[in-house]
Amino acid sequence: MQNYDLKDMIYEGKAKKIFKSQNSDEVEIYYKDDATAFNNLKKSSLKNKGEINATITACIYKYLEKNGINTHFIKVLEPRLHLCKKVKIIPLEVIVRNIIAGSFAKRLNIKEGTKPKNVIFEICYKNDELGDPLINDSHALALGLATKEDLTQIYSMASKINNLLKEFFLKCDIDLIDFKLEFGKDKDSNLILADEISPDSCRLWDKETHKKLDKDRFREDLGGVVKAYEEVLLRIRKAGLLCL
Ligand code: TMP
Ligand code: ASP
């Protein structure tokens with residue numbers, strides 16, 4: 001186990017820390033146990049969450065890579081430490097919704113669990129001070145957050161990732177309700193998938209009972225947060241999808 005206090009930290013986010021790596025084109029990403037919601041208004045530390053999310057993310061990123069999606073993930077260094085390509089993050093949170101829930105349900109007063117006529121894609125400006133506001137493509141272009149080509153590629157990749165993830169989670173008897181993606185540019189300016197995909201960044205409901213197995217358990221004080229995350233990992237394992 002490395003002494004993380006002695007490592008060179010580049011950035012500390014709400015759920016992760018990013019450290020320098022020996023290779024300047026790479027970084028080491030450490031998954032913390034900290035949980036926040038509502039732009040940091042609600043905070044807690046959930047024992048083992050970091051390790052579970054790191055394991056689920058590694059598994060999903062290996063699966064996506066195998067299926068032709070370029071990601072920042074290189075390898076697992078320690079249970080909660082990943083070696084990743086260094087990227088310049090595009091300051092957008094890309095949200096994909098298969099079923100209505102969360103902020104969409106609230107904003108438009110639609111019952112959670114409703115199936116929309118098509119998959120919904122949203123972008124938010126990644127800016128904590130502003131509370132990550134929902135924007136559109138025209139805003140993103142006007143603010144210089146991404147180019148037209150970036151946006152086209154982002155939506156195309158997000159759609160492919162959605163199809164792959166829906167299939168992945170169905171094998172675990174889980175419905176993928178919605179999720180958030182982040183993209184970045186690597187040293188050669190290739191657009192690649194970055195950040196994490198875990199129960200912190202997805203809504204995952206049991207296929208039969210619709211039990212929530214994601215961060216909504218924390219947001220809505222439902223209890224059993226880490227137990228639900230463990231359940232997701234266990235189901236991934238049982239389905240033979242833990243590509244270690
Ligand atoms: P929302 O319904 O609150 O807009 O969230 C949509 C999806 O994005 C949901 O799966 C949770 C995820 N998400 C994040 O990963 N980070 C965030 O900061 C927010 C607001 C949502
Ligand atoms: N991750 C965001 C926050 O900390 C919001 C959320 O996931 O609900 O505040």
# chains A, B, ... in the order shown; residues from 1 in each chain; ligands from 1
>>> residues_near_ligand(ligand="ligand 1", cutoff="6 Å", atoms="only C-alpha atoms and all ligand atoms", output="JSON list (two decimals) with all heavy atoms, in the first residue's frame")
[["chain", "number", "residue", "atom", "x", "y", "z"],
["A", 95, "ILE", "N", -25.39, 13.62, -19.94],
["A", 95, "ILE", "CA", -26.35, 12.74, -19.26],
["A", 95, "ILE", "C", -27.20, 12.00, -20.28],
["A", 95, "ILE", "O", -27.67, 12.60, -21.26],
["A", 95, "ILE", "CB", -27.22, 13.56, -18.29],
["A", 95, "ILE", "CG1", -26.32, 14.07, -17.16],
["A", 95, "ILE", "CG2", -28.37, 12.73, -17.71],
["A", 95, "ILE", "CD1", -26.91, 15.15, -16.32],
["A", 101, "ALA", "N", -36.31, 10.02, -14.48],
["A", 101, "ALA", "CA", -36.03, 10.03, -13.03],
["A", 101, "ALA", "C", -35.30, 11.33, -12.70],
["A", 101, "ALA", "O", -35.02, 12.14, -13.58],
["A", 101, "ALA", "CB", -35.18, 8.82, -12.65],
["A", 102, "GLY", "N", -34.99, 11.51, -11.42],
["A", 102, "GLY", "CA", -34.12, 12.59, -10.98],
["A", 102, "GLY", "C", -34.55, 13.98, -11.41],
["A", 102, "GLY", "O", -35.74, 14.33, -11.35],
["A", 103, "SER", "N", -33.58, 14.77, -11.85],
["A", 103, "SER", "CA", -33.85, 16.19, -12.13],
["A", 103, "SER", "C", -34.83, 16.36, -13.29],
["A", 103, "SER", "O", -35.60, 17.32, -13.33],
["A", 103, "SER", "CB", -32.55, 16.95, -12.42],
["A", 103, "SER", "OG", -31.97, 16.51, -13.62],
["A", 104, "PHE", "N", -34.82, 15.43, -14.24],
["A", 104, "PHE", "CA", -35.74, 15.53, -15.38],
["A", 104, "PHE", "C", -37.19, 15.37, -14.91],
["A", 104, "PHE", "O", -38.08, 16.12, -15.31],
["A", 104, "PHE", "CB", -35.38, 14.46, -16.42],
["A", 104, "PHE", "CG", -36.08, 14.63, -17.75],
["A", 104, "PHE", "CD1", -35.44, 15.23, -18.83],
["A", 104, "PHE", "CD2", -37.38, 14.19, -17.93],
["A", 104, "PHE", "CE1", -36.07, 15.39, -20.04],
["A", 104, "PHE", "CE2", -38.04, 14.34, -19.14],
["A", 104, "PHE", "CZ", -37.38, 14.94, -20.21],
["A", 178, "ASP", "N", -30.47, 5.94, -15.96],
["A", 178, "ASP", "CA", -29.75, 7.08, -16.56],
["A", 178, "ASP", "C", -28.32, 7.06, -16.05],
["A", 178, "ASP", "O", -27.98, 6.29, -15.14],
["A", 178, "ASP", "CB", -30.46, 8.42, -16.27],
["A", 178, "ASP", "CG", -30.61, 8.71, -14.78],
["A", 178, "ASP", "OD1", -29.75, 8.26, -14.00],
["A", 178, "ASP", "OD2", -31.60, 9.37, -14.40],
["A", 179, "PHE", "N", -27.48, 7.89, -16.65],
["A", 179, "PHE", "CA", -26.09, 7.97, -16.19],
["A", 179, "PHE", "C", -25.43, 9.23, -16.73],
["A", 179, "PHE", "O", -25.96, 9.88, -17.63],
["A", 179, "PHE", "CB", -25.28, 6.73, -16.59],
["A", 179, "PHE", "CG", -25.24, 6.46, -18.07],
["A", 179, "PHE", "CD1", -24.15, 6.85, -18.84],
["A", 179, "PHE", "CD2", -26.28, 5.80, -18.70],
["A", 179, "PHE", "CE1", -24.11, 6.59, -20.20],
["A", 179, "PHE", "CE2", -26.25, 5.54, -20.07],
["A", 179, "PHE", "CZ", -25.16, 5.94, -20.82],
["A", 180, "LYS", "N", -24.26, 9.53, -16.15],
["A", 180, "LYS", "CA", -23.50, 10.72, -16.52],
["A", 180, "LYS", "C", -22.13, 10.31, -17.03],
["A", 180, "LYS", "O", -21.49, 9.43, -16.45],
["A", 180, "LYS", "CB", -23.37, 11.60, -15.28],
["A", 180, "LYS", "CG", -22.73, 12.94, -15.49],
["A", 180, "LYS", "CD", -21.27, 13.02, -15.13],
["A", 180, "LYS", "CE", -20.89, 12.57, -13.78],
["A", 180, "LYS", "NZ", -19.44, 12.61, -13.52],
["A", 200, "ASP", "N", -22.31, 5.75, -8.27],
["A", 200, "ASP", "CA", -22.33, 7.19, -7.98],
["A", 200, "ASP", "C", -22.80, 8.00, -9.19],
["A", 200, "ASP", "O", -23.33, 9.10, -9.04],
["A", 200, "ASP", "CB", -20.92, 7.69, -7.63],
["A", 200, "ASP", "CG", -20.64, 7.69, -6.14],
["A", 200, "ASP", "OD1", -21.47, 7.17, -5.37],
["A", 200, "ASP", "OD2", -19.59, 8.22, -5.74],
["A", 201, "SER", "N", -22.56, 7.47, -10.39],
["A", 201, "SER", "CA", -22.80, 8.27, -11.60],
["A", 201, "SER", "C", -23.92, 7.70, -12.48],
["A", 201, "SER", "O", -24.16, 8.19, -13.57],
["A", 201, "SER", "CB", -21.52, 8.37, -12.42],
["A", 201, "SER", "OG", -21.13, 7.10, -12.89],
["A", 202, "CYS", "N", -24.56, 6.63, -11.99],
["A", 202, "CYS", "CA", -25.66, 6.00, -12.75],
["A", 202, "CYS", "C", -26.89, 5.85, -11.84],
["A", 202, "CYS", "O", -26.74, 5.78, -10.63],
["A", 202, "CYS", "CB", -25.30, 4.57, -13.16],
["A", 202, "CYS", "SG", -23.83, 4.38, -14.13],
["A", 203, "ARG", "N", -28.05, 5.71, -12.45],
["A", 203, "ARG", "CA", -29.22, 5.20, -11.69],
["A", 203, "ARG", "C", -29.42, 3.76, -12.13],
["A", 203, "ARG", "O", -29.56, 3.49, -13.33],
["A", 203, "ARG", "CB", -30.48, 6.04, -11.93],
["A", 203, "ARG", "CG", -30.48, 7.33, -11.19],
["A", 203, "ARG", "CD", -31.85, 8.00, -11.08],
["A", 203, "ARG", "NE", -31.73, 9.16, -10.22],
["A", 203, "ARG", "CZ", -31.39, 10.37, -10.65],
["A", 203, "ARG", "NH1", -31.21, 10.60, -11.93],
["A", 203, "ARG", "NH2", -31.26, 11.37, -9.81]]
>>> residues_around(residues="Leu130 of chain A", least_positions_apart="5", cutoff="12 Å", atoms="only C-alpha atoms", output="list in words")
Phe38, Asn39, Cys124, Tyr125 and Ile135 of chain A
>>> closest_residue(among="A:Glu167, A:Ile177, A:Lys75, A:Cys84", to="Ile120 of chain A", atoms="only C-alpha atoms")
A:Ile177
>>> residues_near_ligand(ligand="ligand 2", cutoff="8 Å", atoms="only C-alpha atoms and all ligand atoms", output="list in words")
Lys14, Ala35, Thr36, Ala37, Phe38, Asn39, Asn40, Leu41, Lys42, Lys43, Asp200, Ser201, Lys215, Asp216 and Arg219 of chain A
>>> write_last_selection(atoms="C-alpha atoms", output="compact mmCIF listing (two decimals), in the first residue's frame")
# COMPACT_ATOMS: atom_id res chain seq x y z
CA LYS A 14 -15.51 15.40 -4.34
CA ALA A 35 -19.99 10.97 -0.85
CA THR A 36 -21.61 14.29 -1.69
CA ALA A 37 -24.94 15.27 -3.20
CA PHE A 38 -26.74 18.44 -4.22
CA ASN A 39 -23.49 20.16 -5.14
CA ASN A 40 -21.77 19.40 -1.85
CA LEU A 41 -24.70 20.41 0.43
CA LYS A 42 -24.96 16.85 1.72
CA LYS A 43 -21.74 15.09 2.71
CA ASP A 200 -22.33 7.19 -7.98
CA SER A 201 -22.80 8.27 -11.60
CA LYS A 215 -26.50 6.97 -5.13
CA ASP A 216 -30.19 7.91 -4.87
CA ARG A 219 -29.53 11.43 -1.88
>>> residues_around(residues="Leu204 of chain A", least_positions_apart="5", cutoff="9 Å", atoms="only C-alpha atoms", output="PDB file with N, CA, C and O atoms, in the first residue's frame")
ATOM      1  N   PHE A 169     -25.749  -4.295 -17.915  1.00  0.00           N
ATOM      2  CA  PHE A 169     -26.521  -4.325 -16.663  1.00  0.00           C
ATOM      3  C   PHE A 169     -27.713  -5.287 -16.737  1.00  0.00           C
ATOM      4  O   PHE A 169     -28.110  -5.837 -15.709  1.00  0.00           O
ATOM      5  N   ILE A 174     -30.414  -5.738 -13.897  1.00  0.00           N
ATOM      6  CA  ILE A 174     -30.503  -4.327 -13.494  1.00  0.00           C
ATOM      7  C   ILE A 174     -30.919  -3.497 -14.708  1.00  0.00           C
ATOM      8  O   ILE A 174     -30.374  -3.682 -15.806  1.00  0.00           O
ATOM      9  N   ASP A 175     -31.876  -2.595 -14.515  1.00  0.00           N
ATOM     10  CA  ASP A 175     -32.242  -1.629 -15.553  1.00  0.00           C
ATOM     11  C   ASP A 175     -31.380  -0.380 -15.394  1.00  0.00           C
ATOM     12  O   ASP A 175     -31.308   0.185 -14.294  1.00  0.00           O
ATOM     13  N   LEU A 176     -30.748   0.025 -16.496  1.00  0.00           N
ATOM     14  CA  LEU A 176     -29.954   1.256 -16.492  1.00  0.00           C
ATOM     15  C   LEU A 176     -30.911   2.419 -16.775  1.00  0.00           C
ATOM     16  O   LEU A 176     -31.370   2.609 -17.896  1.00  0.00           O
ATOM     17  N   ILE A 177     -31.222   3.161 -15.732  1.00  0.00           N
ATOM     18  CA  ILE A 177     -32.205   4.247 -15.839  1.00  0.00           C
ATOM     19  C   ILE A 177     -31.596   5.477 -16.511  1.00  0.00           C
ATOM     20  O   ILE A 177     -32.112   5.998 -17.490  1.00  0.00           O
ATOM     21  N   ASP A 178     -30.473   5.944 -15.961  1.00  0.00           N
ATOM     22  CA  ASP A 178     -29.752   7.075 -16.558  1.00  0.00           C
ATOM     23  C   ASP A 178     -28.320   7.060 -16.053  1.00  0.00           C
ATOM     24  O   ASP A 178     -27.975   6.294 -15.143  1.00  0.00           O
ATOM     25  N   PHE A 179     -27.479   7.889 -16.648  1.00  0.00           N
ATOM     26  CA  PHE A 179     -26.089   7.972 -16.187  1.00  0.00           C
ATOM     27  C   PHE A 179     -25.435   9.234 -16.726  1.00  0.00           C
ATOM     28  O   PHE A 179     -25.959   9.883 -17.630  1.00  0.00           O
ATOM     29  N   PRO A 199     -22.080   3.235  -9.368  1.00  0.00           N
ATOM     30  CA  PRO A 199     -23.398   3.598  -8.811  1.00  0.00           C
ATOM     31  C   PRO A 199     -23.466   5.059  -8.344  1.00  0.00           C
ATOM     32  O   PRO A 199     -24.549   5.565  -8.060  1.00  0.00           O
ATOM     33  N   HIS A 210     -37.538  -2.946  -8.923  1.00  0.00           N
ATOM     34  CA  HIS A 210     -37.219  -1.524  -9.114  1.00  0.00           C
ATOM     35  C   HIS A 210     -36.512  -0.918  -7.901  1.00  0.00           C
ATOM     36  O   HIS A 210     -36.456   0.304  -7.752  1.00  0.00           O
ATOM     37  N   LYS A 211     -35.973  -1.789  -7.037  1.00  0.00           N
ATOM     38  CA  LYS A 211     -35.200  -1.280  -5.893  1.00  0.00           C
ATOM     39  C   LYS A 211     -34.003  -0.471  -6.404  1.00  0.00           C
ATOM     40  O   LYS A 211     -33.326  -0.891  -7.356  1.00  0.00           O
ATOM     41  N   LYS A 212     -33.774   0.675  -5.789  1.00  0.00           N
ATOM     42  CA  LYS A 212     -32.667   1.539  -6.209  1.00  0.00           C
ATOM     43  C   LYS A 212     -31.344   1.009  -5.672  1.00  0.00           C
ATOM     44  O   LYS A 212     -31.215   0.781  -4.465  1.00  0.00           O
ATOM     45  N   LEU A 213     -30.387   0.827  -6.592  1.00  0.00           N
ATOM     46  CA  LEU A 213     -29.086   0.268  -6.212  1.00  0.00           C
ATOM     47  C   LEU A 213     -27.979   1.284  -6.506  1.00  0.00           C
ATOM     48  O   LEU A 213     -26.909   0.922  -6.980  1.00  0.00           O
ATOM     49  N   ASP A 214     -28.243   2.541  -6.253  1.00  0.00           N
ATOM     50  CA  ASP A 214     -27.323   3.608  -6.665  1.00  0.00           C
ATOM     51  C   ASP A 214     -27.326   4.750  -5.661  1.00  0.00           C
ATOM     52  O   ASP A 214     -27.931   4.646  -4.593  1.00  0.00           O
ATOM     53  N   LYS A 215     -26.690   5.849  -6.045  1.00  0.00           N
ATOM     54  CA  LYS A 215     -26.503   6.974  -5.125  1.00  0.00           C
ATOM     55  C   LYS A 215     -27.799   7.648  -4.687  1.00  0.00           C
ATOM     56  O   LYS A 215     -27.798   8.412  -3.709  1.00  0.00           O
ATOM     57  N   VAL A 232     -24.488  -4.518  -6.485  1.00  0.00           N
ATOM     58  CA  VAL A 232     -24.201  -4.318  -7.920  1.00  0.00           C
ATOM     59  C   VAL A 232     -22.930  -5.081  -8.288  1.00  0.00           C
ATOM     60  O   VAL A 232     -22.897  -5.832  -9.275  1.00  0.00           O
TER      61      VAL A 232
END
>>> closest_residue(among="A:Ile10, A:Leu151, A:Ile29, A:Ile161", to="Asn70 of chain A", atoms="only C-alpha atoms")
A:Ile161
>>> residues_around(residues="Glu65 of chain A", least_positions_apart="3", cutoff="12 Å", atoms="only C-alpha atoms", output="list in words")
Thr57, Ala58, Cys59, Ile60, Tyr61, Lys62, Gly68, Ile69, Asn70, Thr71, His72, Phe73, Ile74, Lys75, Lys160, Ile161, Leu164, Ile192, Leu193 and Cys243 of chain A
>>> select_by_dssp(residues="segment 109-181 of chain A", states="helix (DSSP H, G or I)", output="number ranges by chain")
A: 128-130, 137-142, 148-170
>>> write_last_selection(atoms="N, CA and C atoms", output="mmCIF file, in the first residue's frame")
data_model
loop_
_atom_site.group_PDB
_atom_site.id
_atom_site.type_symbol
_atom_site.label_atom_id
_atom_site.label_comp_id
_atom_site.auth_asym_id
_atom_site.auth_seq_id
_atom_site.Cartn_x
_atom_site.Cartn_y
_atom_site.Cartn_z
ATOM 1 N N ASP A 128 -18.936 23.884 -10.623
ATOM 2 C CA ASP A 128 -19.514 23.730 -9.279
ATOM 3 C C ASP A 128 -20.133 25.028 -8.753
ATOM 4 N N GLU A 129 -19.450 26.171 -9.033
ATOM 5 C CA GLU A 129 -19.973 27.449 -8.513
ATOM 6 C C GLU A 129 -21.372 27.749 -9.055
ATOM 7 N N LEU A 130 -21.621 27.323 -10.291
ATOM 8 C CA LEU A 130 -22.935 27.567 -10.911
ATOM 9 C C LEU A 130 -23.891 26.397 -10.677
ATOM 10 N N ASP A 137 -26.422 22.672 -26.997
ATOM 11 C CA ASP A 137 -25.234 22.662 -27.858
ATOM 12 C C ASP A 137 -24.800 24.079 -28.224
ATOM 13 N N SER A 138 -25.791 24.914 -28.501
ATOM 14 C CA SER A 138 -25.508 26.286 -28.903
ATOM 15 C C SER A 138 -24.776 27.032 -27.781
ATOM 16 N N HIS A 139 -25.199 26.795 -26.541
ATOM 17 C CA HIS A 139 -24.511 27.404 -25.397
ATOM 18 C C HIS A 139 -23.075 26.892 -25.308
ATOM 19 N N ALA A 140 -22.910 25.577 -25.470
ATOM 20 C CA ALA A 140 -21.568 24.971 -25.344
ATOM 21 C C ALA A 140 -20.625 25.559 -26.391
ATOM 22 N N LEU A 141 -21.144 25.749 -27.606
ATOM 23 C CA LEU A 141 -20.326 26.331 -28.678
ATOM 24 C C LEU A 141 -20.023 27.791 -28.366
ATOM 25 N N ALA A 142 -21.045 28.514 -27.921
ATOM 26 C CA ALA A 142 -20.885 29.947 -27.635
ATOM 27 C C ALA A 142 -19.867 30.189 -26.526
ATOM 28 N N LYS A 148 -18.081 21.818 -32.573
ATOM 29 C CA LYS A 148 -19.188 21.094 -33.201
ATOM 30 C C LYS A 148 -18.808 19.625 -33.410
ATOM 31 N N GLU A 149 -17.546 19.411 -33.844
ATOM 32 C CA GLU A 149 -17.047 18.041 -34.085
ATOM 33 C C GLU A 149 -17.000 17.268 -32.763
ATOM 34 N N ASP A 150 -16.542 17.942 -31.704
ATOM 35 C CA ASP A 150 -16.504 17.277 -30.381
ATOM 36 C C ASP A 150 -17.908 16.821 -30.003
ATOM 37 N N LEU A 151 -18.889 17.716 -30.164
ATOM 38 C CA LEU A 151 -20.258 17.392 -29.741
ATOM 39 C C LEU A 151 -20.812 16.220 -30.544
ATOM 40 N N THR A 152 -20.564 16.225 -31.851
ATOM 41 C CA THR A 152 -21.047 15.120 -32.694
ATOM 42 C C THR A 152 -20.457 13.800 -32.195
ATOM 43 N N GLN A 153 -19.146 13.833 -31.930
ATOM 44 C CA GLN A 153 -18.481 12.608 -31.471
ATOM 45 C C GLN A 153 -18.950 12.200 -30.068
ATOM 46 N N ILE A 154 -19.167 13.192 -29.217
ATOM 47 C CA ILE A 154 -19.626 12.919 -27.847
ATOM 48 C C ILE A 154 -20.990 12.212 -27.870
ATOM 49 N N TYR A 155 -21.933 12.735 -28.675
ATOM 50 C CA TYR A 155 -23.268 12.115 -28.712
ATOM 51 C C TYR A 155 -23.202 10.719 -29.324
ATOM 52 N N SER A 156 -22.349 10.555 -30.329
ATOM 53 C CA SER A 156 -22.229 9.240 -30.967
ATOM 54 C C SER A 156 -21.647 8.224 -29.969
ATOM 55 N N MET A 157 -20.598 8.645 -29.253
ATOM 56 C CA MET A 157 -19.995 7.736 -28.256
ATOM 57 C C MET A 157 -20.972 7.463 -27.114
ATOM 58 N N ALA A 158 -21.689 8.503 -26.667
ATOM 59 C CA ALA A 158 -22.631 8.338 -25.545
ATOM 60 C C ALA A 158 -23.725 7.343 -25.925
ATOM 61 N N SER A 159 -24.175 7.388 -27.166
ATOM 62 C CA SER A 159 -25.218 6.470 -27.617
ATOM 63 C C SER A 159 -24.697 5.021 -27.651
ATOM 64 N N LYS A 160 -23.469 4.857 -28.178
ATOM 65 C CA LYS A 160 -22.873 3.506 -28.204
ATOM 66 C C LYS A 160 -22.668 2.981 -26.785
ATOM 67 N N ILE A 161 -22.158 3.846 -25.921
ATOM 68 C CA ILE A 161 -21.912 3.442 -24.530
ATOM 69 C C ILE A 161 -23.230 3.042 -23.870
ATOM 70 N N ASN A 162 -24.286 3.794 -24.152
ATOM 71 C CA ASN A 162 -25.601 3.474 -23.569
ATOM 72 C C ASN A 162 -26.046 2.067 -23.985
ATOM 73 N N ASN A 163 -25.916 1.749 -25.273
ATOM 74 C CA ASN A 163 -26.340 0.421 -25.737
ATOM 75 C C ASN A 163 -25.515 -0.668 -25.062
ATOM 76 N N LEU A 164 -24.206 -0.437 -24.953
ATOM 77 C CA LEU A 164 -23.333 -1.439 -24.328
ATOM 78 C C LEU A 164 -23.647 -1.590 -22.843
ATOM 79 N N LEU A 165 -23.865 -0.466 -22.163
ATOM 80 C CA LEU A 165 -24.118 -0.531 -20.711
ATOM 81 C C LEU A 165 -25.480 -1.133 -20.391
ATOM 82 N N LYS A 166 -26.478 -0.839 -21.239
ATOM 83 C CA LYS A 166 -27.816 -1.417 -20.997
ATOM 84 C C LYS A 166 -27.709 -2.943 -21.032
ATOM 85 N N GLU A 167 -26.972 -3.440 -22.034
ATOM 86 C CA GLU A 167 -26.791 -4.885 -22.189
ATOM 87 C C GLU A 167 -26.015 -5.466 -20.995
ATOM 88 N N PHE A 168 -24.957 -4.756 -20.607
ATOM 89 C CA PHE A 168 -24.119 -5.174 -19.477
ATOM 90 C C PHE A 168 -24.964 -5.332 -18.213
ATOM 91 N N PHE A 169 -25.749 -4.295 -17.915
ATOM 92 C CA PHE A 169 -26.521 -4.325 -16.663
ATOM 93 C C PHE A 169 -27.713 -5.287 -16.737
ATOM 94 N N LEU A 170 -28.251 -5.488 -17.934
ATOM 95 C CA LEU A 170 -29.368 -6.448 -18.041
ATOM 96 C C LEU A 170 -28.918 -7.846 -17.639
#
>>> residues_around(residues="Ala54 of chain A", least_positions_apart="6", cutoff="9 Å", atoms="only C-alpha atoms", output="ChimeraX atom specification")
/A:30-31,76,79-82,196-198
>>> write_last_selection(atoms="C-alpha atoms", output="PDB file, in the first residue's frame")
ATOM      1  CA  TYR A  30      -7.656   7.441  -6.234  1.00  0.00           C
ATOM      2  CA  TYR A  31     -11.292   6.688  -5.309  1.00  0.00           C
ATOM      3  CA  VAL A  76      -5.695  -1.095 -11.723  1.00  0.00           C
ATOM      4  CA  PRO A  79      -7.842  -1.747  -5.247  1.00  0.00           C
ATOM      5  CA  ARG A  80      -8.812   1.926  -5.279  1.00  0.00           C
ATOM      6  CA  LEU A  81      -6.057   3.361  -7.482  1.00  0.00           C
ATOM      7  CA  HIS A  82      -6.189   3.376 -11.288  1.00  0.00           C
ATOM      8  CA  GLU A 196     -15.885   6.974 -13.616  1.00  0.00           C
ATOM      9  CA  ILE A 197     -18.952   4.841 -14.300  1.00  0.00           C
ATOM     10  CA  SER A 198     -20.265   3.531 -10.998  1.00  0.00           C
TER      11      SER A 198
END
>>> closest_residue(among="A:Lys16, A:Cys172, A:Leu145, A:Leu77", to="Leu242 of chain A", atoms="only C-alpha atoms")
A:Cys172
>>> atom_distance(atom1="atom CA of Gly224 of chain A", atom2="atom CA of Thr209 of chain A")
16.0 Å
>>> residues_around(residues="Lys126 of chain A", least_positions_apart="3", cutoff="9 Å", atoms="only C-alpha atoms", output="list in words")
Ile90, Pro91, Leu92, Glu93, Leu130, Gly131, Asp132 and Pro133 of chain A
>>> closest_residue(among="A:Leu64, A:Val87, A:Ile236, A:Leu46", to="Ser189 of chain A", atoms="only C-alpha atoms")
A:Val87
>>> select_by_dssp(residues="chain A", states="strand (DSSP E or B)", output="mmCIF file with C-alpha atoms, in the first residue's frame")
data_model
loop_
_atom_site.group_PDB
_atom_site.id
_atom_site.type_symbol
_atom_site.label_atom_id
_atom_site.label_comp_id
_atom_site.auth_asym_id
_atom_site.auth_seq_id
_atom_site.Cartn_x
_atom_site.Cartn_y
_atom_site.Cartn_z
ATOM 1 C CA MET A 9 -1.548 15.492 -5.906
ATOM 2 C CA ILE A 10 -2.679 17.359 -9.024
ATOM 3 C CA TYR A 11 -6.343 17.796 -8.086
ATOM 4 C CA GLU A 12 -8.845 16.788 -5.414
ATOM 5 C CA LYS A 16 -11.547 11.269 -6.202
ATOM 6 C CA LYS A 17 -7.980 12.502 -5.965
ATOM 7 C CA ILE A 18 -5.678 12.720 -8.955
ATOM 8 C CA PHE A 19 -1.969 12.122 -8.476
ATOM 9 C CA LYS A 20 1.004 12.567 -10.790
ATOM 10 C CA GLU A 26 -0.494 9.413 -17.284
ATOM 11 C CA VAL A 27 -2.151 10.035 -13.907
ATOM 12 C CA GLU A 28 -3.128 7.921 -10.914
ATOM 13 C CA ILE A 29 -6.757 8.258 -9.847
ATOM 14 C CA TYR A 30 -7.656 7.441 -6.234
ATOM 15 C CA TYR A 31 -11.292 6.688 -5.309
ATOM 16 C CA ASP A 34 -16.479 10.539 0.463
ATOM 17 C CA ALA A 35 -19.992 10.969 -0.849
ATOM 18 C CA THR A 36 -21.613 14.294 -1.687
ATOM 19 C CA ALA A 37 -24.937 15.268 -3.198
ATOM 20 C CA LYS A 42 -24.963 16.853 1.720
ATOM 21 C CA LYS A 43 -21.741 15.087 2.710
ATOM 22 C CA SER A 44 -20.743 11.808 4.256
ATOM 23 C CA SER A 45 -18.063 9.172 4.264
ATOM 24 C CA THR A 71 -11.254 5.391 -22.562
ATOM 25 C CA PHE A 73 -8.369 3.677 -18.223
ATOM 26 C CA ILE A 74 -5.018 1.820 -18.393
ATOM 27 C CA LYS A 75 -4.934 -0.543 -15.403
ATOM 28 C CA VAL A 76 -5.695 -1.095 -11.723
ATOM 29 C CA LEU A 77 -2.631 -0.269 -9.593
ATOM 30 C CA GLU A 78 -4.247 -0.938 -6.212
ATOM 31 C CA LEU A 81 -6.057 3.361 -7.482
ATOM 32 C CA HIS A 82 -6.189 3.376 -11.288
ATOM 33 C CA LEU A 83 -3.500 4.281 -13.797
ATOM 34 C CA CYS A 84 -5.170 6.401 -16.473
ATOM 35 C CA LYS A 85 -4.208 8.491 -19.484
ATOM 36 C CA LYS A 88 -7.829 17.642 -20.668
ATOM 37 C CA ILE A 89 -11.407 17.314 -19.472
ATOM 38 C CA LEU A 92 -19.448 19.060 -19.856
ATOM 39 C CA GLU A 93 -21.437 16.461 -17.949
ATOM 40 C CA VAL A 94 -23.176 14.348 -20.566
ATOM 41 C CA ILE A 95 -26.348 12.737 -19.258
ATOM 42 C CA VAL A 96 -28.144 9.870 -20.960
ATOM 43 C CA ARG A 97 -31.679 8.964 -19.840
ATOM 44 C CA ILE A 120 -32.739 11.604 -23.911
ATOM 45 C CA PHE A 121 -29.318 13.258 -24.118
ATOM 46 C CA GLU A 122 -28.500 16.327 -22.019
ATOM 47 C CA ILE A 123 -25.380 18.373 -21.417
ATOM 48 C CA CYS A 124 -24.544 20.358 -18.299
ATOM 49 C CA TYR A 125 -21.771 22.930 -17.917
ATOM 50 C CA LEU A 134 -28.186 22.381 -17.909
ATOM 51 C CA ILE A 135 -27.168 23.957 -21.245
ATOM 52 C CA ILE A 174 -30.503 -4.327 -13.494
ATOM 53 C CA ASP A 175 -32.242 -1.629 -15.553
ATOM 54 C CA LEU A 176 -29.954 1.256 -16.492
ATOM 55 C CA ILE A 177 -32.205 4.247 -15.839
ATOM 56 C CA ASP A 178 -29.752 7.075 -16.558
ATOM 57 C CA PHE A 179 -26.089 7.972 -16.187
ATOM 58 C CA LYS A 180 -23.504 10.722 -16.519
ATOM 59 C CA LEU A 181 -20.378 10.656 -18.678
ATOM 60 C CA GLU A 182 -17.346 12.895 -18.974
ATOM 61 C CA PHE A 183 -14.975 13.107 -21.900
ATOM 62 C CA GLY A 184 -11.458 14.442 -22.341
ATOM 63 C CA LYS A 185 -8.745 14.905 -24.934
ATOM 64 C CA LEU A 191 -11.584 12.424 -27.623
ATOM 65 C CA ILE A 192 -11.828 9.628 -25.043
ATOM 66 C CA LEU A 193 -14.135 8.629 -22.204
ATOM 67 C CA ALA A 194 -12.840 9.788 -18.796
ATOM 68 C CA CYS A 202 -25.664 6.003 -12.752
ATOM 69 C CA ARG A 203 -29.220 5.202 -11.687
ATOM 70 C CA LEU A 204 -29.521 1.441 -11.427
ATOM 71 C CA TRP A 205 -32.815 -0.253 -10.522
ATOM 72 C CA ASP A 206 -33.446 -3.929 -9.895
ATOM 73 C CA LYS A 212 -32.667 1.539 -6.209
#
